[in-house]
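Student: Sharing protein_14.tsv (TSV, C-alpha atoms) below.
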chain	number	residue	atom	x	y	z
A	18	MET	CA	-12.98	-12.01	-87.38
A	19	ASP	CA	-16.62	-12.41	-86.39
A	20	ARG	CA	-17.87	-13.47	-82.98
A	21	THR	CA	-18.76	-17.03	-84.05
A	22	MET	CA	-15.23	-17.65	-85.31
A	23	LYS	CA	-13.74	-16.34	-82.07
A	24	ARG	CA	-15.89	-18.73	-80.05
A	25	LEU	CA	-14.86	-21.64	-82.26
A	26	ILE	CA	-11.20	-20.77	-81.61
A	27	LEU	CA	-11.87	-20.64	-77.85
A	28	LEU	CA	-13.60	-24.03	-77.94
A	29	ALA	CA	-10.69	-25.50	-79.93
A	30	LEU	CA	-8.24	-24.24	-77.30
A	31	MET	CA	-10.41	-25.74	-74.56
A	32	THR	CA	-10.39	-29.13	-76.28
A	33	PHE	CA	-6.62	-29.01	-76.76
A	34	ASN	CA	-6.01	-28.12	-73.10
A	35	SER	CA	-8.28	-30.90	-71.85
A	36	THR	CA	-6.34	-33.53	-73.80
A	37	LEU	CA	-3.15	-32.51	-72.01
A	38	VAL	CA	-4.64	-33.63	-68.69
A	39	PHE	CA	-4.54	-37.29	-69.71
A	40	ALA	CA	-1.06	-37.24	-71.29
A	41	ASP	CA	0.24	-39.14	-68.30
A	42	THR	CA	2.96	-41.61	-69.28
A	43	LEU	CA	5.25	-43.66	-67.09
A	44	THR	CA	8.79	-42.32	-66.80
A	45	LEU	CA	11.50	-44.89	-66.07
A	46	LYS	CA	14.30	-43.96	-63.69
A	47	ALA	CA	17.72	-43.43	-65.24
A	48	GLY	CA	19.92	-46.47	-64.72
A	49	HIS	CA	17.02	-48.79	-63.93
A	50	PRO	CA	17.74	-52.54	-64.04
A	51	GLU	CA	16.31	-54.85	-66.68
A	52	SER	CA	15.24	-57.42	-64.08
A	53	TYR	CA	14.65	-57.74	-60.35
A	54	VAL	CA	14.46	-60.61	-57.85
A	55	VAL	CA	11.79	-60.10	-55.18
A	56	LYS	CA	13.21	-60.12	-51.64
A	57	LYS	CA	11.56	-60.73	-48.29
A	58	GLY	CA	10.28	-57.43	-46.92
A	59	ASP	CA	9.74	-55.87	-50.37
A	60	THR	CA	6.59	-53.94	-51.21
A	61	LEU	CA	5.24	-53.02	-54.62
A	62	TRP	CA	6.30	-49.47	-53.74
A	63	ASP	CA	9.91	-50.64	-53.19
A	64	ILE	CA	10.02	-52.48	-56.49
A	65	SER	CA	8.37	-49.64	-58.41
A	66	THR	CA	10.85	-47.17	-56.91
A	67	THR	CA	13.62	-49.22	-58.51
A	68	PHE	CA	12.11	-48.63	-61.95
A	69	LEU	CA	9.99	-45.44	-61.82
A	70	ASN	CA	10.61	-41.77	-61.07
A	71	ASP	CA	7.11	-41.69	-59.53
A	72	PRO	CA	6.44	-44.92	-57.61
A	73	TRP	CA	2.85	-43.82	-56.88
A	74	LYS	CA	2.09	-44.95	-60.43
A	75	TRP	CA	2.97	-48.55	-59.50
A	76	PRO	CA	-0.42	-50.03	-60.60
A	77	ARG	CA	0.32	-49.13	-64.22
A	78	LEU	CA	3.64	-51.00	-64.10
A	79	TRP	CA	1.78	-54.24	-63.34
A	80	ASP	CA	-1.46	-53.75	-65.26
A	81	VAL	CA	-2.45	-55.22	-68.66
A	82	ASN	CA	-0.25	-58.18	-67.80
A	83	PRO	CA	-1.76	-61.68	-67.63
A	84	GLN	CA	1.41	-62.99	-66.01
A	85	ILE	CA	0.88	-60.80	-62.94
A	86	ALA	CA	-2.90	-60.91	-62.65
A	87	ASN	CA	-2.78	-59.90	-58.99
A	88	PRO	CA	0.37	-58.06	-57.84
A	89	HIS	CA	-0.46	-58.98	-54.22
A	90	LEU	CA	0.50	-62.52	-55.13
A	91	ILE	CA	4.13	-61.96	-56.00
A	92	TYR	CA	6.45	-63.82	-53.66
A	93	PRO	CA	10.05	-63.53	-52.44
A	94	GLY	CA	12.28	-65.32	-54.94
A	95	ASP	CA	10.18	-64.40	-58.00
A	96	GLN	CA	12.23	-62.86	-60.81
A	97	LEU	CA	10.65	-59.91	-62.63
A	98	THR	CA	11.75	-58.66	-66.06
A	99	LEU	CA	11.03	-55.25	-67.56
A	100	VAL	CA	9.37	-55.44	-70.99
A	101	PHE	CA	7.44	-53.03	-73.19
A	102	ILE	CA	3.82	-53.67	-74.24
A	103	ASP	CA	2.41	-51.21	-76.80
A	104	GLY	CA	5.31	-48.92	-75.97
A	105	GLN	CA	4.60	-48.89	-72.24
A	106	PRO	CA	6.89	-50.47	-69.60
A	107	ARG	CA	5.51	-53.54	-67.80
A	108	LEU	CA	6.94	-56.03	-65.31
A	109	VAL	CA	6.63	-59.71	-66.23
A	110	ARG	CA	7.22	-62.55	-63.81
A	111	ASN	CA	9.66	-65.05	-65.33
A	112	GLY	CA	8.37	-68.57	-65.82
A	113	ALA	CA	4.66	-67.71	-65.67
A	114	SER	CA	2.36	-68.62	-68.54
A	115	ALA	CA	0.05	-66.08	-70.13
A	116	SER	CA	-2.95	-68.20	-69.23
A	117	GLU	CA	-2.08	-68.25	-65.55
A	118	ALA	CA	-5.01	-66.66	-63.69
A	119	LYS	CA	-4.16	-67.64	-60.12
A	120	PRO	CA	-0.98	-67.61	-58.05
A	121	HIS	CA	1.43	-70.49	-58.19
A	122	ILE	CA	3.05	-72.09	-55.15
A	123	ARG	CA	6.82	-71.96	-55.37
A	124	LYS	CA	8.91	-74.79	-53.92
A	125	SER	CA	12.64	-74.82	-53.27
A	126	PRO	CA	14.72	-78.00	-53.70
A	127	GLU	CA	14.10	-78.60	-49.98
A	128	GLY	CA	10.34	-78.61	-50.53
A	129	ARG	CA	9.73	-75.29	-48.76
A	130	VAL	CA	6.30	-73.81	-49.59
A	131	ILE	CA	5.79	-70.06	-49.61
A	132	ALA	CA	2.38	-69.41	-48.07
A	133	LYS	CA	-0.10	-66.95	-49.53
A	134	SER	CA	0.30	-64.77	-46.45
A	135	ASN	CA	3.88	-64.06	-47.58
A	136	ALA	CA	2.80	-62.33	-50.80
A	137	ILE	CA	4.28	-58.84	-50.88
A	138	PRO	CA	2.01	-55.86	-50.06
A	139	ALA	CA	1.46	-52.70	-52.11
A	140	VAL	CA	2.67	-49.78	-49.98
A	141	ASP	CA	4.24	-49.96	-46.54
A	142	LEU	CA	2.78	-47.36	-44.20
A	143	ALA	CA	6.26	-46.73	-42.77
A	144	LEU	CA	7.27	-45.15	-46.08
A	145	ILE	CA	4.75	-42.32	-45.71
A	146	GLN	CA	4.19	-42.34	-41.95
A	147	ASN	CA	6.16	-39.14	-41.38
A	148	TYR	CA	3.81	-37.21	-43.63
A	149	LEU	CA	0.55	-38.44	-42.11
A	150	VAL	CA	-1.37	-37.08	-39.15
A	151	GLN	CA	-3.48	-38.83	-36.52
A	152	ASN	CA	-6.14	-36.14	-36.33
A	153	ARG	CA	-9.80	-37.09	-36.23
A	154	VAL	CA	-13.08	-35.55	-37.35
A	155	VAL	CA	-15.81	-36.25	-34.78
A	156	ASP	CA	-19.22	-34.94	-33.76
A	157	ALA	CA	-18.72	-31.56	-32.06
A	158	ASP	CA	-21.28	-32.19	-29.29
A	159	TRP	CA	-19.79	-35.62	-28.60
A	160	LEU	CA	-16.27	-34.23	-28.26
A	161	ILE	CA	-17.11	-31.72	-25.52
A	162	GLN	CA	-18.62	-34.54	-23.45
A	163	GLN	CA	-15.32	-36.48	-23.35
A	164	PRO	CA	-12.88	-36.43	-20.38
A	165	MET	CA	-10.74	-33.32	-20.10
A	166	VAL	CA	-7.17	-32.48	-19.10
A	167	LEU	CA	-7.32	-30.53	-15.83
A	168	ALA	CA	-3.68	-29.85	-15.00
A	169	GLY	CA	-0.43	-31.72	-14.37
A	170	GLU	CA	2.07	-32.55	-11.65
A	171	SER	CA	4.36	-29.96	-13.20
A	172	PRO	CA	3.37	-26.34	-12.47
A	173	SER	CA	3.89	-25.55	-16.15
A	174	ARG	CA	0.84	-24.91	-18.31
A	175	HIS	CA	2.44	-26.91	-21.13
A	176	HIS	CA	3.04	-30.64	-20.71
A	177	VAL	CA	5.40	-32.85	-22.73
A	178	VAL	CA	6.73	-36.43	-22.82
A	179	GLY	CA	7.34	-37.85	-19.36
A	180	ASP	CA	4.99	-35.45	-17.61
A	181	VAL	CA	2.02	-36.73	-15.56
A	182	ILE	CA	-1.30	-35.01	-16.22
A	183	TYR	CA	-4.67	-35.15	-14.42
A	184	ILE	CA	-7.90	-36.18	-16.15
A	185	ASP	CA	-11.39	-35.48	-14.75
A	186	SER	CA	-12.65	-39.05	-15.12
A	187	GLU	CA	-12.14	-42.52	-13.71
A	188	LEU	CA	-10.25	-44.26	-16.48
A	189	PRO	CA	-9.24	-47.95	-16.80
A	190	LEU	CA	-5.72	-48.59	-15.47
A	191	HIS	CA	-3.10	-48.93	-18.26
A	192	GLN	CA	-5.50	-47.69	-20.93
A	193	LYS	CA	-3.77	-45.90	-23.81
A	194	LEU	CA	-5.15	-42.46	-24.57
A	195	GLY	CA	-4.80	-39.59	-26.99
A	196	MET	CA	-5.00	-35.95	-25.88
A	197	TYR	CA	-6.75	-33.85	-28.51
A	198	GLU	CA	-6.99	-30.12	-29.09
A	199	ARG	CA	-10.22	-28.81	-30.55
A	200	GLY	CA	-9.66	-27.44	-34.04
A	201	ARG	CA	-11.93	-26.19	-36.77
A	202	GLU	CA	-15.57	-27.13	-37.20
A	203	PHE	CA	-16.31	-28.21	-40.76
A	204	PHE	CA	-19.47	-27.59	-42.80
A	205	ASN	CA	-20.58	-28.52	-46.29
A	206	LYS	CA	-20.39	-25.25	-48.22
A	207	GLU	CA	-23.34	-26.07	-50.46
A	208	THR	CA	-25.80	-27.47	-47.93
A	209	GLY	CA	-24.52	-26.06	-44.66
A	210	GLU	CA	-24.54	-29.56	-43.14
A	211	ALA	CA	-22.15	-30.02	-40.20
A	212	LEU	CA	-19.39	-32.45	-41.21
A	213	GLY	CA	-17.69	-32.64	-37.83
A	214	GLN	CA	-15.21	-31.12	-35.43
A	215	GLU	CA	-11.48	-31.35	-36.08
A	216	ALA	CA	-9.69	-33.05	-33.17
A	217	ILE	CA	-5.91	-32.50	-33.37
A	218	LEU	CA	-3.77	-35.13	-31.67
A	219	ALA	CA	-1.36	-33.40	-29.28
A	220	SER	CA	0.05	-36.36	-27.35
A	221	THR	CA	-0.45	-39.97	-26.31
A	222	GLY	CA	-0.28	-41.41	-22.82
A	223	GLN	CA	-1.20	-44.27	-20.50
A	224	VAL	CA	-3.27	-44.33	-17.34
A	225	ILE	CA	-0.97	-44.96	-14.36
A	226	GLU	CA	-3.48	-44.28	-11.59
A	227	SER	CA	-7.26	-44.56	-11.77
A	228	GLY	CA	-9.66	-42.55	-9.63
A	229	LYS	CA	-12.16	-39.73	-9.69
A	230	VAL	CA	-9.22	-37.78	-11.07
A	231	SER	CA	-6.97	-40.17	-13.01
A	232	LYS	CA	-3.25	-39.78	-13.65
A	233	VAL	CA	-1.88	-40.22	-17.18
A	234	LYS	CA	1.81	-40.31	-18.10
A	235	LEU	CA	2.59	-38.80	-21.48
A	236	LEU	CA	4.43	-41.22	-23.76
A	237	SER	CA	4.75	-39.12	-26.92
A	238	ASN	CA	3.85	-35.65	-28.06
A	239	PHE	CA	3.28	-33.91	-31.38
A	240	ARG	CA	2.66	-30.56	-29.69
A	241	GLU	CA	2.42	-29.37	-26.09
A	242	THR	CA	-0.57	-30.61	-24.09
A	243	LYS	CA	-2.64	-28.04	-22.20
A	244	ALA	CA	-5.54	-27.95	-19.76
A	245	GLY	CA	-8.86	-28.17	-21.58
A	246	PHE	CA	-7.71	-30.70	-24.18
A	247	ARG	CA	-10.09	-33.64	-24.60
A	248	VAL	CA	-9.05	-37.24	-23.97
A	249	LEU	CA	-10.04	-40.11	-26.27
A	250	PRO	CA	-9.08	-43.80	-26.23
A	251	MET	CA	-6.54	-44.81	-28.86
A	252	GLU	CA	-8.90	-47.33	-30.39
A	253	ASP	CA	-8.42	-49.34	-33.56
A	254	GLU	CA	-10.49	-46.95	-35.65
A	255	ALA	CA	-8.19	-44.10	-34.60
A	256	LEU	CA	-5.19	-45.98	-36.01
A	257	MET	CA	-4.30	-46.86	-39.59
A	258	SER	CA	-3.64	-50.03	-41.52
A	259	ALA	CA	0.00	-51.08	-41.79
A	260	TYR	CA	-0.29	-51.23	-45.59
A	261	PHE	CA	-2.17	-49.32	-48.25
A	262	THR	CA	-3.35	-50.65	-51.59
A	263	PRO	CA	-3.94	-47.57	-53.77
A	264	LYS	CA	-6.91	-47.93	-56.11
A	265	PRO	CA	-9.02	-45.50	-58.16
A	266	ALA	CA	-11.81	-43.86	-56.16
A	267	GLU	CA	-15.33	-45.01	-57.01
A	268	LEU	CA	-17.16	-41.90	-55.83
A	269	LYS	CA	-19.86	-40.86	-58.31
A	270	THR	CA	-20.30	-37.30	-56.99
A	271	PRO	CA	-17.16	-35.11	-56.89
A	272	ALA	CA	-15.68	-34.37	-53.49
A	273	SER	CA	-13.90	-31.14	-52.54
A	274	VAL	CA	-10.85	-30.12	-50.56
A	275	LEU	CA	-12.48	-29.07	-47.30
A	276	ALA	CA	-9.42	-27.67	-45.53
A	277	ILE	CA	-5.62	-27.90	-45.47
A	278	GLU	CA	-4.38	-29.65	-42.33
A	279	SER	CA	-1.52	-27.18	-41.82
A	280	LYS	CA	-3.98	-24.22	-42.20
A	281	MET	CA	-1.86	-22.82	-45.02
A	282	ARG	CA	-3.49	-21.15	-48.01
A	283	GLU	CA	-2.07	-23.68	-50.47
A	284	ALA	CA	-0.84	-27.26	-50.24
A	285	GLY	CA	1.73	-29.21	-52.23
A	286	LYS	CA	3.12	-32.71	-52.56
A	287	LEU	CA	3.09	-34.73	-49.31
A	288	ASN	CA	0.82	-32.22	-47.57
A	289	VAL	CA	-2.35	-33.47	-45.85
A	290	VAL	CA	-5.83	-32.13	-46.63
A	291	TYR	CA	-9.38	-32.83	-45.46
A	292	LEU	CA	-12.05	-34.03	-47.90
A	293	ASP	CA	-15.75	-33.24	-47.53
A	294	LYS	CA	-16.77	-36.90	-48.05
A	295	GLY	CA	-16.49	-39.92	-45.74
A	296	THR	CA	-17.78	-43.41	-45.07
A	297	GLN	CA	-21.38	-42.26	-45.49
A	298	ASP	CA	-20.48	-41.35	-49.07
A	299	GLY	CA	-18.59	-44.59	-49.75
A	300	VAL	CA	-15.02	-43.27	-49.44
A	301	LYS	CA	-12.47	-45.91	-48.36
A	302	PRO	CA	-8.82	-45.78	-47.21
A	303	GLY	CA	-6.41	-46.29	-50.10
A	304	GLU	CA	-8.61	-44.63	-52.71
A	305	VAL	CA	-6.89	-42.25	-55.11
A	306	PHE	CA	-8.55	-39.06	-56.37
A	307	SER	CA	-7.56	-36.71	-59.17
A	308	ILE	CA	-7.42	-33.07	-58.05
A	309	TYR	CA	-8.80	-30.35	-60.32
A	310	ARG	CA	-9.10	-26.56	-60.07
A	311	ASN	CA	-12.38	-25.19	-61.45
A	312	GLY	CA	-11.87	-23.76	-64.90
A	313	GLU	CA	-11.92	-19.99	-65.32
A	314	GLU	CA	-15.03	-18.30	-66.69
A	315	ILE	CA	-14.27	-16.13	-69.73
A	316	VAL	CA	-16.64	-13.29	-70.68
A	317	ILE	CA	-16.97	-12.05	-74.27
A	318	ASN	CA	-17.18	-8.24	-74.17
A	319	ASN	CA	-19.07	-5.95	-76.55
A	320	ASP	CA	-16.11	-5.91	-78.93
A	321	GLY	CA	-16.19	-9.71	-79.17
A	322	GLN	CA	-12.98	-10.04	-77.14
A	323	PRO	CA	-12.54	-12.64	-74.36
A	324	VAL	CA	-11.99	-11.10	-70.93
A	325	PRO	CA	-10.32	-13.27	-68.23
A	326	ALA	CA	-11.69	-13.22	-64.70
A	327	ILE	CA	-8.86	-11.08	-63.28
A	328	GLU	CA	-9.59	-8.33	-65.83
A	329	ARG	CA	-13.38	-8.36	-65.66
A	330	THR	CA	-15.19	-5.17	-64.71
A	331	ALA	CA	-18.43	-4.93	-62.75
A	332	TYR	CA	-20.20	-4.51	-66.09
A	333	ASP	CA	-18.60	-7.73	-67.42
A	334	ASN	CA	-19.82	-9.58	-64.33
A	335	VAL	CA	-23.35	-8.34	-64.89
A	336	VAL	CA	-23.20	-9.39	-68.54
A	337	ALA	CA	-21.96	-12.86	-67.52
A	338	SER	CA	-24.79	-13.30	-65.02
A	339	LEU	CA	-27.49	-12.19	-67.47
A	340	SER	CA	-26.37	-13.88	-70.67
A	341	SER	CA	-25.02	-17.41	-70.92
A	342	ASP	CA	-24.10	-16.66	-74.54
A	343	ARG	CA	-21.56	-14.09	-73.35
A	344	SER	CA	-19.64	-16.35	-70.96
A	345	LEU	CA	-17.69	-19.55	-71.46
A	346	LYS	CA	-16.29	-21.81	-68.74
A	347	MET	CA	-12.79	-23.08	-69.46
A	348	PRO	CA	-11.89	-26.75	-68.76
A	349	ASP	CA	-11.06	-27.72	-65.19
A	350	VAL	CA	-7.29	-27.65	-64.59
A	351	TYR	CA	-5.57	-30.85	-63.44
A	352	ASN	CA	-3.60	-30.33	-60.20
A	353	GLY	CA	-2.43	-33.80	-59.14
A	354	LYS	CA	-3.39	-36.94	-57.21
A	355	LEU	CA	-4.46	-37.55	-53.63
A	356	LEU	CA	-4.42	-40.76	-51.55
A	357	VAL	CA	-7.05	-41.16	-48.82
A	358	PHE	CA	-5.47	-42.65	-45.69
A	359	LYS	CA	-8.11	-42.08	-42.99
A	360	VAL	CA	-11.89	-41.92	-43.23
A	361	PHE	CA	-14.54	-40.60	-40.83
A	362	ASP	CA	-18.34	-40.47	-41.07
A	363	LYS	CA	-18.62	-37.33	-43.19
A	364	ALA	CA	-15.02	-36.35	-43.90
A	365	SER	CA	-11.66	-37.91	-44.74
A	366	LEU	CA	-7.94	-37.21	-44.60
A	367	GLY	CA	-5.82	-37.49	-47.73
A	368	LEU	CA	-2.14	-37.19	-48.65
A	369	ILE	CA	-1.26	-35.29	-51.82
A	370	VAL	CA	1.02	-37.72	-53.65
A	371	SER	CA	1.69	-35.77	-56.85
A	372	THR	CA	1.12	-32.19	-57.99
A	373	GLU	CA	1.26	-30.20	-61.20
A	374	ARG	CA	0.48	-27.00	-59.27
A	375	SER	CA	-0.59	-25.95	-55.79
A	376	VAL	CA	-3.78	-27.33	-54.24
A	377	ARG	CA	-6.33	-25.03	-52.61
A	378	VAL	CA	-9.49	-25.30	-50.53
A	379	ASP	CA	-12.54	-26.02	-52.75
A	380	ASP	CA	-10.47	-27.79	-55.41
A	381	LYS	CA	-12.49	-30.59	-56.96
A	382	LEU	CA	-11.71	-34.28	-56.26
A	383	ILE	CA	-12.98	-36.84	-58.77
A	384	ALA	CA	-12.42	-40.50	-59.55
A	385	PRO	CA	-9.31	-40.67	-61.77
A	386	ASP	CA	-9.84	-41.57	-65.39
A	387	ILE	CA	-9.43	-45.36	-65.39
A	388	LEU	CA	-7.45	-45.47	-68.62
A	389	ALA	CA	-5.09	-42.74	-67.49
A	390	PHE	CA	-4.66	-44.31	-64.03
A	391	ARG	CA	-3.88	-47.76	-65.37
A	392	GLY	CA	-1.88	-46.58	-68.34
A	393	GLN	CA	-3.99	-48.55	-70.82
Output the structure of this file as structure tokens.
Tutor:
Amino acid sequence: MDRTMKRLILLALMTFNSTLVFADTLTLKAGHPESYVVKKGDTLWDISTTFLNDPWKWPRLWDVNPQIANPHLIYPGDQLTLVFIDGQPRLVRNGASASEAKPHIRKSPEGRVIAKSNAIPAVDLALIQNYLVQNRVVDADWLIQQPMVLAGESPSRHHVVGDVIYIDSELPLHQKLGMYERGREFFNKETGEALGQEAILASTGQVIESGKVSKVKLLSNFRETKAGFRVLPMEDEALMSAYFTPKPAELKTPASVLAIESKMREAGKLNVVYLDKGTQDGVKPGEVFSIYRNGEEIVINNDGQPVPAIERTAYDNVVASLSSDRSLKMPDVYNGKLLVFKVFDKASLGLIVSTERSVRVDDKLIAPDILAFRGQ
């Protein structure tokens, strides 16, 4: 077999592997109902969980469906029926016409009107709250200028819920605060640009006495609070929306996994990671990214045989660097999906919502293929 034929076989395998990435069909849960009546307090997540093994794919259950043009506008009392369109499961609202492009107002025999504000949301934050973190990424120079924990009423060096700690600043009485430990400093690996300082939330508290040295009572803790931790107000931007509406990311330039929040080597489903893009790049909370591992580079040796990266010799590496004809990059490998839940200036926090394999630092994050995401 000559070298040209071997390369054609390699390219064919690459094409075959890449098609597997988008073979992403909805899987219905065993014993699912054929219909469902929307109840007060439901979310699209709740309803999708009734039908799907993976409720994070809820947008595809509602899409390509003129009867549910906007799933935010489904109301308590609506009856939904499971149907199949082109072989794919879809939920149809009973009694709606195919030409209906705006929400209807439902009235009971008593004339009660269900207001638009009662339309059910997409995903309730409470469903994923336990997996999220309240860390922040801030300017490193700014962080060291913030008030600092000096000590506490307790002689212990470690302070927990109920303890009173001392802060080296005159703080507004009753103000709610977060005590943050300095973590890692992040940089863009390609440009060297500083992306910010990790600030890890250790505890929350409230000012009970204001003065040159203020007293703060700790109300909750995620880890022990120590002297030297920085103190930041628990402002709106430090909190998160009560609901998420997952949608495909619109980022044109791929992002990367900057770090794993738990500092482990690999991350899996429901682990939190940092992204190297933020508001300055157009990233928004609720955006969903596809996670990819860079494809392996295969070198063709002097015998015309492909050599994988783990078996390459120093000579193979030199050949690969000198001759593009002797090396072939394999397709990027699909790893899963990630939901952004918190965004900073130059970085973001995301929750891994599905995985095919482990996620690592430097994995690529791209806008999901629209057809695959929506199931069209």
Student: So that I can see what lies close to range 273-282 of chain A, please list as a PyMOL selection string the residues with an atom at most 6 Å from it, counting only C-alpha atoms and leaving out residues fewer than 2 positions away in the same chain.
Tutor: chain A and resi 289-293+378-382
Student: Keeping only C-alpha atoms, write the selected residues to a file as a PDB file, in the frame of the given file.
Tutor:
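again-v6.pdb, written as the output of this step:
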ATOM      1  CA  VAL A 289      -2.350 -33.470 -45.850  1.00  0.00           C
ATOM      2  CA  VAL A 290      -5.830 -32.130 -46.630  1.00  0.00           C
ATOM      3  CA  TYR A 291      -9.380 -32.830 -45.460  1.00  0.00           C
ATOM      4  CA  LEU A 292     -12.050 -34.030 -47.900  1.00  0.00           C
ATOM      5  CA  ASP A 293     -15.750 -33.240 -47.530  1.00  0.00           C
ATOM      6  CA  VAL A 378      -9.490 -25.300 -50.530  1.00  0.00           C
ATOM      7  CA  ASP A 379     -12.540 -26.020 -52.750  1.00  0.00           C
ATOM      8  CA  ASP A 380     -10.470 -27.790 -55.410  1.00  0.00           C
ATOM      9  CA  LYS A 381     -12.490 -30.590 -56.960  1.00  0.00           C
ATOM     10  CA  LEU A 382     -11.710 -34.280 -56.260  1.00  0.00           C
TER      11      LEU A 382
END
Student: Measure the distance from CA of Lys206 in chain A to CA of Ile161 in chain A in Å and round it to one decimal.
Tutor: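 Result for CA of Lys206 in chain A versus CA of Ile161 in chain A: 23.8 Å, one decimal.
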Student: Mind pulling up the distance from CA of Phe306 in chain A to CA of Asp63 in chain A?
Tutor: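 Separating CA of Asp63 in chain A from CA of Phe306 in chain A is a distance of 22.0 Å.
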Student: I'd like the contact shell of Met347 in chain A - 6 Å cut-off, only C-alpha atoms, skipping same-chain residues fewer than 6 positions apart - returned as a list in words.
Tutor: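 Skipping anything fewer than 6 positions along the chain leaves Gly312, Glu313 and Glu314 of chain A.
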Student: Of the candidates A:Arg174, A:Val166, A:Gly94, A:Leu43, which shows the shortest atom-to-atom distance to Lys57 in chain A, using only C-alpha atoms?
Tutor: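 Using only C-alpha atoms, the shortest distance to Lys57 in chain A belongs to A:Gly94.
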